[in-house]
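Text of structure_29.cif, listed as mmCIF, C-alpha atoms and all ligand atoms:
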```cif
data_data
#
loop_
_atom_site.group_PDB
_atom_site.id
_atom_site.type_symbol
_atom_site.label_atom_id
_atom_site.label_comp_id
_atom_site.auth_asym_id
_atom_site.auth_seq_id
_atom_site.Cartn_x
_atom_site.Cartn_y
_atom_site.Cartn_z
ATOM 1 C CA MET A 1444 33.720 -24.710 5.465
ATOM 2 C CA LEU A 1445 33.936 -21.078 4.444
ATOM 3 C CA GLY A 1446 33.436 -22.064 0.836
ATOM 4 C CA TRP A 1447 30.245 -23.872 1.757
ATOM 5 C CA GLN A 1448 28.986 -20.844 3.698
ATOM 6 C CA ARG A 1449 29.736 -18.582 0.802
ATOM 7 C CA ALA A 1450 27.963 -20.920 -1.594
ATOM 8 C CA THR A 1451 24.755 -21.072 0.489
ATOM 9 C CA GLN A 1452 24.895 -17.312 0.973
ATOM 10 C CA ALA A 1453 25.165 -16.804 -2.766
ATOM 11 C CA LEU A 1454 22.237 -19.148 -3.318
ATOM 12 C CA GLY A 1455 20.178 -17.158 -0.794
ATOM 13 C CA VAL A 1456 20.947 -13.893 -2.552
ATOM 14 C CA ARG A 1457 20.074 -15.432 -5.913
ATOM 15 C CA TRP A 1458 16.774 -16.692 -4.480
ATOM 16 C CA ARG A 1459 15.868 -13.262 -3.083
ATOM 17 C CA GLU A 1460 17.065 -11.136 -5.952
ATOM 18 C CA LYS A 1461 16.498 -13.318 -9.007
ATOM 19 C CA THR A 1462 14.323 -16.375 -8.471
ATOM 20 C CA LEU A 1463 11.493 -14.810 -6.432
ATOM 21 C CA PRO A 1464 11.054 -11.712 -8.649
ATOM 22 C CA ARG A 1465 11.085 -13.940 -11.734
ATOM 23 C CA ALA A 1466 8.476 -16.238 -10.195
ATOM 24 C CA ALA A 1467 6.278 -13.204 -9.494
ATOM 25 C CA ARG A 1468 6.979 -11.773 -12.990
ATOM 26 C CA VAL A 1469 8.158 -8.476 -11.546
ATOM 27 C CA SER A 1470 9.118 -5.576 -13.826
ATOM 28 C CA TYR A 1471 11.377 -2.692 -12.805
ATOM 29 C CA ALA A 1472 12.112 -0.441 -15.777
ATOM 30 C CA ILE A 1473 10.573 0.655 -19.058
ATOM 31 C CA PRO A 1474 12.101 0.440 -22.552
ATOM 32 C CA GLN A 1475 14.548 3.260 -23.255
ATOM 33 C CA VAL A 1476 12.660 4.587 -26.205
ATOM 34 C CA ARG A 1477 12.017 8.196 -27.076
ATOM 35 C CA GLY A 1478 13.561 9.470 -23.859
ATOM 36 C CA GLY A 1479 10.651 8.359 -21.694
ATOM 37 C CA ILE A 1480 10.609 8.272 -17.915
ATOM 38 C CA ALA A 1481 7.663 7.075 -15.838
ATOM 39 C CA LEU A 1482 6.608 8.922 -12.705
ATOM 40 C CA THR A 1483 4.680 6.588 -10.415
ATOM 41 C CA PHE A 1484 2.731 7.637 -7.335
ATOM 42 C CA ASP A 1485 1.910 5.261 -4.491
ATOM 43 C CA ASP A 1486 -0.329 5.348 -1.399
ATOM 44 C CA GLY A 1487 -3.032 7.759 -2.639
ATOM 45 C CA PRO A 1488 -5.492 9.034 -3.415
ATOM 46 C CA ASP A 1489 -5.188 11.806 -0.860
ATOM 47 C CA SER A 1490 -8.002 14.373 -0.933
ATOM 48 C CA ARG A 1491 -5.610 17.150 0.053
ATOM 49 C CA PHE A 1492 -2.716 16.534 -2.323
ATOM 50 C CA THR A 1493 -3.766 14.325 -5.250
ATOM 51 C CA PRO A 1494 -6.091 16.863 -6.961
ATOM 52 C CA GLU A 1495 -3.304 19.479 -6.920
ATOM 53 C CA LEU A 1496 -0.877 16.967 -8.370
ATOM 54 C CA LEU A 1497 -3.364 16.083 -11.120
ATOM 55 C CA ASP A 1498 -3.736 19.803 -11.903
ATOM 56 C CA ILE A 1499 0.040 20.147 -12.313
ATOM 57 C CA LEU A 1500 0.290 17.096 -14.574
ATOM 58 C CA ALA A 1501 -2.679 18.253 -16.663
ATOM 59 C CA GLY A 1502 -1.193 21.744 -16.963
ATOM 60 C CA ALA A 1503 2.015 20.284 -18.369
ATOM 61 C CA GLY A 1504 0.326 17.668 -20.524
ATOM 62 C CA ALA A 1505 2.207 15.004 -18.567
ATOM 63 C CA VAL A 1506 0.989 11.533 -17.670
ATOM 64 C CA ALA A 1507 1.837 9.289 -14.726
ATOM 65 C CA THR A 1508 0.938 5.987 -13.109
ATOM 66 C CA PHE A 1509 -0.959 5.802 -9.824
ATOM 67 C CA PHE A 1510 -0.835 2.806 -7.492
ATOM 68 C CA VAL A 1511 -3.853 3.501 -5.309
ATOM 69 C CA VAL A 1512 -4.759 1.933 -1.970
ATOM 70 C CA GLY A 1513 -8.196 0.249 -2.129
ATOM 71 C CA ARG A 1514 -9.670 1.579 1.093
ATOM 72 C CA ARG A 1515 -8.620 5.127 0.124
ATOM 73 C CA ALA A 1516 -9.892 4.744 -3.447
ATOM 74 C CA VAL A 1517 -13.421 3.787 -2.351
ATOM 75 C CA LYS A 1518 -13.580 6.995 -0.300
ATOM 76 C CA GLN A 1519 -12.385 9.140 -3.238
ATOM 77 C CA PRO A 1520 -13.796 7.425 -6.336
ATOM 78 C CA SER A 1521 -14.076 10.686 -8.281
ATOM 79 C CA ILE A 1522 -10.317 11.278 -7.978
ATOM 80 C CA VAL A 1523 -9.648 7.744 -9.230
ATOM 81 C CA ARG A 1524 -11.942 8.237 -12.213
ATOM 82 C CA ARG A 1525 -10.318 11.595 -12.911
ATOM 83 C CA MET A 1526 -6.899 9.900 -13.126
ATOM 84 C CA LEU A 1527 -8.148 7.607 -15.840
ATOM 85 C CA ASP A 1528 -10.065 10.365 -17.654
ATOM 86 C CA GLU A 1529 -6.904 12.479 -17.852
ATOM 87 C CA GLY A 1530 -4.829 9.730 -19.448
ATOM 88 C CA HIS A 1531 -3.020 8.376 -16.408
ATOM 89 C CA VAL A 1532 -2.662 4.669 -15.774
ATOM 90 C CA LEU A 1533 -3.986 2.942 -12.668
ATOM 91 C CA GLY A 1534 -2.526 0.148 -10.639
ATOM 92 C CA SER A 1535 -3.554 -1.212 -7.265
ATOM 93 C CA HIS A 1536 -1.494 -1.079 -4.091
ATOM 94 C CA THR A 1537 -3.454 -3.513 -1.858
ATOM 95 C CA TRP A 1538 -6.599 -2.876 0.168
ATOM 96 C CA SER A 1539 -5.130 -1.425 3.367
ATOM 97 C CA HIS A 1540 -1.352 -1.356 2.847
ATOM 98 C CA ARG A 1541 -0.720 -3.964 5.509
ATOM 99 C CA ASP A 1542 2.901 -4.529 6.414
ATOM 100 C CA PRO A 1543 3.688 -7.653 4.346
ATOM 101 C CA ARG A 1544 6.292 -8.885 6.804
ATOM 102 C CA THR A 1545 3.683 -9.663 9.474
ATOM 103 C CA ALA A 1546 0.917 -11.085 7.238
ATOM 104 C CA SER A 1547 0.285 -14.687 6.173
ATOM 105 C CA ALA A 1548 0.108 -15.667 2.503
ATOM 106 C CA TRP A 1549 -3.683 -15.960 2.843
ATOM 107 C CA GLU A 1550 -3.963 -12.473 4.365
ATOM 108 C CA LEU A 1551 -1.765 -11.061 1.620
ATOM 109 C CA LEU A 1552 -3.901 -12.702 -1.027
ATOM 110 C CA GLN A 1553 -6.989 -11.024 0.446
ATOM 111 C CA GLU A 1554 -5.165 -7.677 0.601
ATOM 112 C CA TYR A 1555 -4.010 -7.890 -3.014
ATOM 113 C CA ARG A 1556 -7.315 -9.188 -4.373
ATOM 114 C CA ASP A 1557 -9.511 -6.722 -2.439
ATOM 115 C CA GLY A 1558 -7.269 -3.808 -3.450
ATOM 116 C CA ARG A 1559 -7.474 -4.762 -7.106
ATOM 117 C CA ARG A 1560 -11.252 -5.262 -6.975
ATOM 118 C CA ALA A 1561 -11.817 -1.903 -5.262
ATOM 119 C CA VAL A 1562 -10.147 -0.071 -8.164
ATOM 120 C CA GLU A 1563 -11.815 -2.230 -10.799
ATOM 121 C CA ASP A 1564 -15.267 -1.561 -9.310
ATOM 122 C CA ILE A 1565 -14.659 2.184 -9.511
ATOM 123 C CA VAL A 1566 -13.403 2.318 -13.098
ATOM 124 C CA GLY A 1567 -15.342 -0.635 -14.509
ATOM 125 C CA LYS A 1568 -12.384 -2.343 -16.160
ATOM 126 C CA GLU A 1569 -9.582 -4.740 -15.344
ATOM 127 C CA VAL A 1570 -6.626 -3.344 -13.407
ATOM 128 C CA PRO A 1571 -3.899 -6.021 -13.305
ATOM 129 C CA LEU A 1572 -1.035 -3.564 -12.709
ATOM 130 C CA PHE A 1573 0.101 -3.781 -9.098
ATOM 131 C CA ARG A 1574 2.786 -2.716 -6.690
ATOM 132 C CA PRO A 1575 3.343 -4.479 -3.371
ATOM 133 C CA PRO A 1576 3.753 -2.197 -0.324
ATOM 134 C CA MET A 1577 7.407 -1.470 0.465
ATOM 135 C CA GLY A 1578 8.293 -3.278 -2.746
ATOM 136 C CA HIS A 1579 8.177 -6.445 -0.720
ATOM 137 C CA ILE A 1580 8.986 -9.620 -2.614
ATOM 138 C CA GLY A 1581 9.036 -12.699 -0.392
ATOM 139 C CA LEU A 1582 7.794 -16.234 -0.823
ATOM 140 C CA LYS A 1583 4.383 -15.428 0.733
ATOM 141 C CA SER A 1584 3.867 -12.296 -1.344
ATOM 142 C CA VAL A 1585 4.961 -14.078 -4.523
ATOM 143 C CA ILE A 1586 2.370 -16.821 -3.950
ATOM 144 C CA ALA A 1587 -0.281 -14.185 -3.151
ATOM 145 C CA MET A 1588 0.577 -12.133 -6.257
ATOM 146 C CA ARG A 1589 0.306 -15.165 -8.522
ATOM 147 C CA LEU A 1590 -3.024 -16.207 -6.987
ATOM 148 C CA ALA A 1591 -4.401 -12.634 -7.163
ATOM 149 C CA ARG A 1592 -3.285 -12.569 -10.823
ATOM 150 C CA VAL A 1593 -1.647 -9.163 -10.489
ATOM 151 C CA ARG A 1594 1.350 -7.930 -12.488
ATOM 152 C CA PRO A 1595 3.833 -6.279 -10.137
ATOM 153 C CA TRP A 1596 5.869 -3.302 -11.270
ATOM 154 C CA MET A 1597 8.570 -1.815 -9.044
ATOM 155 C CA TRP A 1598 10.886 1.127 -9.740
ATOM 156 C CA ASN A 1599 14.540 1.763 -10.450
ATOM 157 C CA CYS A 1600 14.737 5.261 -8.964
ATOM 158 C CA ASP A 1601 13.751 6.072 -5.380
ATOM 159 C CA PRO A 1602 14.252 9.727 -4.445
ATOM 160 C CA GLY A 1603 13.103 8.865 -0.907
ATOM 161 C CA ASP A 1604 10.136 11.256 -0.817
ATOM 162 C CA TRP A 1605 8.607 8.984 1.840
ATOM 163 C CA ARG A 1606 11.254 10.070 4.349
ATOM 164 C CA PRO A 1607 10.059 12.648 6.863
ATOM 165 C CA GLY A 1608 11.894 15.926 6.329
ATOM 166 C CA VAL A 1609 13.083 15.265 2.773
ATOM 167 C CA SER A 1610 13.259 18.480 0.758
ATOM 168 C CA ARG A 1611 12.009 19.230 -2.734
ATOM 169 C CA ASP A 1612 15.620 19.899 -3.794
ATOM 170 C CA GLU A 1613 16.755 16.436 -2.683
ATOM 171 C CA ILE A 1614 13.906 14.829 -4.604
ATOM 172 C CA VAL A 1615 14.643 16.885 -7.705
ATOM 173 C CA ARG A 1616 18.363 16.063 -7.537
ATOM 174 C CA THR A 1617 17.690 12.323 -7.700
ATOM 175 C CA VAL A 1618 14.926 12.449 -10.285
ATOM 176 C CA GLY A 1619 16.850 15.072 -12.248
ATOM 177 C CA ALA A 1620 19.605 12.525 -12.887
ATOM 178 C CA ALA A 1621 17.111 10.014 -14.336
ATOM 179 C CA LYS A 1622 17.814 8.620 -17.775
ATOM 180 C CA ALA A 1623 15.371 7.234 -20.310
ATOM 181 C CA GLY A 1624 13.844 3.989 -19.090
ATOM 182 C CA THR A 1625 13.611 5.134 -15.487
ATOM 183 C CA VAL A 1626 10.620 4.353 -13.284
ATOM 184 C CA VAL A 1627 10.467 6.857 -10.422
ATOM 185 C CA LEU A 1628 8.882 6.042 -7.049
ATOM 186 C CA LEU A 1629 6.925 8.953 -5.551
ATOM 187 C CA HIS A 1630 4.008 9.272 -3.125
ATOM 188 C CA ASP A 1631 0.859 11.408 -3.354
ATOM 189 C CA GLY A 1632 -0.197 9.936 -0.006
ATOM 190 C CA ILE A 1633 1.644 8.051 2.719
ATOM 191 C CA GLU A 1634 0.742 4.823 4.454
ATOM 192 C CA LEU A 1635 2.801 3.519 7.394
ATOM 193 C CA PRO A 1636 4.579 6.904 7.793
ATOM 194 C CA LEU A 1637 7.879 6.862 9.659
ATOM 195 C CA ALA A 1638 6.767 10.132 11.299
ATOM 196 C CA ALA A 1639 3.624 12.265 11.079
ATOM 197 C CA GLY A 1640 5.538 14.877 9.071
ATOM 198 C CA ALA A 1641 5.661 12.496 6.092
ATOM 199 C CA LEU A 1642 1.875 12.818 5.711
ATOM 200 C CA ASP A 1643 2.417 16.311 4.329
ATOM 201 C CA ARG A 1644 3.111 15.811 0.607
ATOM 202 C CA THR A 1645 3.950 19.454 -0.151
ATOM 203 C CA GLU A 1646 7.609 18.755 -0.977
ATOM 204 C CA THR A 1647 6.737 15.980 -3.422
ATOM 205 C CA ILE A 1648 4.177 18.171 -5.187
ATOM 206 C CA ALA A 1649 6.668 21.041 -5.437
ATOM 207 C CA ALA A 1650 9.351 18.656 -6.689
ATOM 208 C CA VAL A 1651 7.076 17.330 -9.438
ATOM 209 C CA ARG A 1652 6.537 20.877 -10.658
ATOM 210 C CA MET A 1653 10.323 21.386 -10.857
ATOM 211 C CA VAL A 1654 11.001 17.964 -12.388
ATOM 212 C CA ILE A 1655 8.529 18.617 -15.189
ATOM 213 C CA LYS A 1656 10.281 21.879 -16.025
ATOM 214 C CA ALA A 1657 13.720 20.282 -15.898
ATOM 215 C CA ALA A 1658 12.631 17.342 -18.047
ATOM 216 C CA ASP A 1659 11.471 19.765 -20.683
ATOM 217 C CA LEU A 1660 14.952 21.285 -20.846
ATOM 218 C CA ARG A 1661 16.642 17.877 -21.049
ATOM 219 C CA GLY A 1662 14.301 16.569 -23.713
ATOM 220 C CA LEU A 1663 12.875 13.860 -21.461
ATOM 221 C CA ARG A 1664 9.253 12.877 -21.884
ATOM 222 C CA PHE A 1665 6.802 11.378 -19.456
ATOM 223 C CA THR A 1666 5.145 8.082 -20.117
ATOM 224 C CA THR A 1667 3.042 5.623 -18.161
ATOM 225 C CA LEU A 1668 3.611 1.999 -17.320
ATOM 226 C CA PRO A 1669 1.499 -0.291 -19.500
ATOM 227 C CA ALA A 1670 -1.998 -0.568 -17.989
ATOM 228 C CA SER A 1671 -1.943 -4.310 -18.611
ATOM 229 C CA GLY A 1672 1.227 -4.656 -16.558
ATOM 230 C CA VAL A 1673 2.963 -6.192 -19.584
ATOM 231 C CA TYR A 1674 4.401 -4.783 -22.786
ATOM 232 C CA GLY A 1675 2.116 -6.787 -24.982
ATOM 233 C CA ASN A 1676 1.404 -4.579 -27.961
ATOM 234 C CA SER A 1677 3.161 -2.041 -30.094
ATOM 235 C CA ARG A 1678 1.056 0.873 -28.851
ATOM 236 C CA GLU A 1679 2.841 0.799 -25.513
ATOM 237 C CA PRO A 1680 4.600 2.650 -23.972
ATOM 238 C CA ARG A 1681 2.179 5.369 -24.883
ATOM 239 C CA ARG A 1682 0.993 8.874 -24.225
ATOM 240 C CA TYR A 1683 4.229 10.773 -24.086
ATOM 241 C CA ILE A 1684 4.160 14.391 -23.100
ATOM 242 C CA ARG A 1685 3.985 16.398 -26.346
HETATM 243 ZN ZN ZN A 1701 3.047 2.094 -0.379
#
```
Mind turning the file's structure into structure tokens?
Ligand SMILES: [Zn+2]
Amino acid sequence: MLGWQRATQALGVRWREKTLPRAARVSYAIPQVRGGIALTFDDGPDSRFTPELLDILAGAGAVATFFVVGRRAVKQPSIVRRMLDEGHVLGSHTWSHRDPRTASAWELLQEYRDGRRAVEDIVGKEVPLFRPPMGHIGLKSVIAMRLARVRPWMWNCDPGDWRPGVSRDEIVRTVGAAKAGTVVLLHDGIELPLAAGALDRTETIAAVRMVIKAADLRGLRFTTLPASGVYGNSREPRRYIR
């Protein structure tokens, strides 16, 4: 009996961790070439914090990937265009960042499709790169992602900058240990905050400043995820710092 339980449990884990992500064509890391790490920022743009972050990246000649929320992007189209103009890569992060656990497959499809279209309307080109809120991969979201024809990209390093009260030093400690091939999850805005304090992105911004300096010392370079959501041609990964 126990053996049977263990077998079904193992099948369940395989389904959640292997089969579903494969069905959705999810990516997590980047190739470990030339010491590249990819900083990715979710939940923006935020009129208070994103411009400052873009200034820091521009000052260091560093590039990043931004997964923007559709309803925020349409309110700040100039920030979204600036991202692209300064060499960053754009992905969508749904229309309104609805909690995927309480939405139907149809509602998720609308969220994913509307979020993608909002960004595409602003920049005038296709934006297939996508990240589901909370990194949620379930049967409903997998169906919705396939139908919305988005290419999901997760992360393999989460310094937890979404937690209220996290300090810049904690963020830097985690990111500072990153090796080539790492995709780092950060937030220039916050949707569904656990507490109001998380809306203040000061610690993340400060941490990025420190991480850029530290990366320089360790010989790490910053790269973007491929805009297409797939490594399809030899020019990608591209745009390394220096
Ligand atoms: Zn998010």
Within 9 Å of ligand ZN 1701 (chain A) (counting only C-alpha atoms and all ligand atoms), which residues show up? I'd like them as a ChimeraX atom specification. /A:1484-1487,1510-1512,1536-1537,1540,1574-1578,1630,1632-1635
Identify which of the residues A:Ser1470, A:Gln1519, A:Ser1535, A:Thr1508 lies closest to Pro1494 in chain A, counting all atoms listed in the file when measuring atom-to-atom distances.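 Result for the nearest residue to Pro1494 in chain A: A:Gln1519.
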Under the rule that only C-alpha atoms are counted, which of A:Gly1455, A:Gly1603, A:Gly1558, A:Gly1662 is the nearest residue to Gly1479 in chain A?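 Closest to Gly1479 in chain A of all the choices is A:Gly1662.
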Quick one: which residues end up in the PyMOL selection byres (((chain A and resi 1644) around 12) and not hetatm) for this structure, as an MDAnalysis selection string? chainID A and resid 1484:1496 1604:1611 1629:1634 1636 1639:1643 1645:1651
Find the spatial neighbours of Arg1559 in chain A, counting all atoms listed in the file, within a cut-off of 9 Å - ignore same-chain residues fewer than 6 positions away - and output them as a ChimeraX atom specification. /A:1512-1513,1534-1538,1569-1573,1591,1593
When distances are computed from only C-alpha atoms, which of A:Arg1449, A:Arg1524, A:Arg1514, A:Arg1592 shows the smallest separation from Arg1541 in chain A?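 Of the candidates, the smallest distance to Arg1541 in chain A is held by A:Arg1514.
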If the PyMOL selection byres (((chain A and resi 1623) around 9) and not hetatm) is run on the structure shown, which residues does it catch, given as a list in words? Ile1473, Pro1474, Gln1475, Val1476, Arg1477, Gly1478, Gly1479, Ile1480, Ala1481, Ala1621, Lys1622, Gly1624, Thr1625, Val1626, Leu1663 and Arg1664 of chain A
Between CA of Arg1459 in chain A and CA of Leu1445 in chain A - distance in Å to one decimal: 21.1 Å
Step by step, work through what the PyMOL selection byres (((chain A and resi 1587) around 8) and not hetatm) selects in the shown file, and finish by giving those residues as a list in words.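 Those residues are Ala1548, Trp1549, Leu1551, Leu1552, Tyr1555, Lys1583, Ser1584, Val1585, Ile1586, Met1588, Arg1589, Leu1590 and Ala1591 of chain A.
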Would you kindly place N, CA and C atoms on range 1571-1593 of chain A and return the model as an mmCIF file, in the coordinates of the input?
```
data_model
loop_
_atom_site.group_PDB
_atom_site.id
_atom_site.type_symbol
_atom_site.label_atom_id
_atom_site.label_comp_id
_atom_site.auth_asym_id
_atom_site.auth_seq_id
_atom_site.Cartn_x
_atom_site.Cartn_y
_atom_site.Cartn_z
ATOM 1 N N PRO A 1571 -4.867 -5.017 -13.767
ATOM 2 C CA PRO A 1571 -3.899 -6.021 -13.305
ATOM 3 C C PRO A 1571 -2.604 -5.426 -12.751
ATOM 4 N N LEU A 1572 -2.289 -4.185 -13.151
ATOM 5 C CA LEU A 1572 -1.035 -3.564 -12.709
ATOM 6 C C LEU A 1572 -1.054 -3.405 -11.188
ATOM 7 N N PHE A 1573 0.067 -3.685 -10.561
ATOM 8 C CA PHE A 1573 0.101 -3.781 -9.098
ATOM 9 C C PHE A 1573 1.479 -3.448 -8.566
ATOM 10 N N ARG A 1574 1.491 -2.888 -7.364
ATOM 11 C CA ARG A 1574 2.786 -2.716 -6.690
ATOM 12 C C ARG A 1574 2.625 -3.130 -5.234
ATOM 13 N N PRO A 1575 3.455 -4.055 -4.772
ATOM 14 C CA PRO A 1575 3.343 -4.479 -3.371
ATOM 15 C C PRO A 1575 3.891 -3.403 -2.433
ATOM 16 N N PRO A 1576 3.239 -3.166 -1.287
ATOM 17 C CA PRO A 1576 3.753 -2.197 -0.324
ATOM 18 C C PRO A 1576 5.208 -2.480 0.025
ATOM 19 N N MET A 1577 5.979 -1.428 0.130
ATOM 20 C CA MET A 1577 7.407 -1.470 0.465
ATOM 21 C C MET A 1577 8.199 -2.278 -0.555
ATOM 22 N N GLY A 1578 7.609 -2.504 -1.721
ATOM 23 C CA GLY A 1578 8.293 -3.278 -2.746
ATOM 24 C C GLY A 1578 8.642 -4.668 -2.280
ATOM 25 N N HIS A 1579 7.832 -5.177 -1.360
ATOM 26 C CA HIS A 1579 8.177 -6.445 -0.720
ATOM 27 C C HIS A 1579 7.983 -7.637 -1.664
ATOM 28 N N ILE A 1580 9.057 -8.386 -1.840
ATOM 29 C CA ILE A 1580 8.986 -9.620 -2.614
ATOM 30 C C ILE A 1580 9.522 -10.739 -1.738
ATOM 31 N N GLY A 1581 8.628 -11.538 -1.180
ATOM 32 C CA GLY A 1581 9.036 -12.699 -0.392
ATOM 33 C C GLY A 1581 8.231 -13.881 -0.882
ATOM 34 N N LEU A 1582 8.489 -15.038 -0.342
ATOM 35 C CA LEU A 1582 7.794 -16.234 -0.823
ATOM 36 C C LEU A 1582 6.280 -16.089 -0.677
ATOM 37 N N LYS A 1583 5.828 -15.582 0.499
ATOM 38 C CA LYS A 1583 4.383 -15.428 0.733
ATOM 39 C C LYS A 1583 3.772 -14.436 -0.246
ATOM 40 N N SER A 1584 4.451 -13.309 -0.451
ATOM 41 C CA SER A 1584 3.867 -12.296 -1.344
ATOM 42 C C SER A 1584 3.896 -12.774 -2.799
ATOM 43 N N VAL A 1585 4.905 -13.560 -3.154
ATOM 44 C CA VAL A 1585 4.961 -14.078 -4.523
ATOM 45 C C VAL A 1585 3.776 -15.023 -4.774
ATOM 46 N N ILE A 1586 3.518 -15.911 -3.814
ATOM 47 C CA ILE A 1586 2.370 -16.821 -3.950
ATOM 48 C C ILE A 1586 1.080 -16.009 -4.051
ATOM 49 N N ALA A 1587 0.940 -15.007 -3.161
ATOM 50 C CA ALA A 1587 -0.281 -14.185 -3.151
ATOM 51 C C ALA A 1587 -0.440 -13.415 -4.467
ATOM 52 N N MET A 1588 0.663 -12.896 -5.003
ATOM 53 C CA MET A 1588 0.577 -12.133 -6.257
ATOM 54 C C MET A 1588 0.139 -13.025 -7.410
ATOM 55 N N ARG A 1589 0.690 -14.247 -7.443
ATOM 56 C CA ARG A 1589 0.306 -15.165 -8.522
ATOM 57 C C ARG A 1589 -1.177 -15.526 -8.406
ATOM 58 N N LEU A 1590 -1.629 -15.809 -7.172
ATOM 59 C CA LEU A 1590 -3.024 -16.207 -6.987
ATOM 60 C C LEU A 1590 -3.977 -15.033 -7.253
ATOM 61 N N ALA A 1591 -3.546 -13.818 -6.927
ATOM 62 C CA ALA A 1591 -4.401 -12.634 -7.163
ATOM 63 C C ALA A 1591 -4.329 -12.196 -8.627
ATOM 64 N N ARG A 1592 -3.486 -12.843 -9.403
ATOM 65 C CA ARG A 1592 -3.285 -12.569 -10.823
ATOM 66 C C ARG A 1592 -2.992 -11.086 -11.092
ATOM 67 N N VAL A 1593 -2.076 -10.541 -10.279
ATOM 68 C CA VAL A 1593 -1.647 -9.163 -10.489
ATOM 69 C C VAL A 1593 -0.272 -9.162 -11.149
#
```
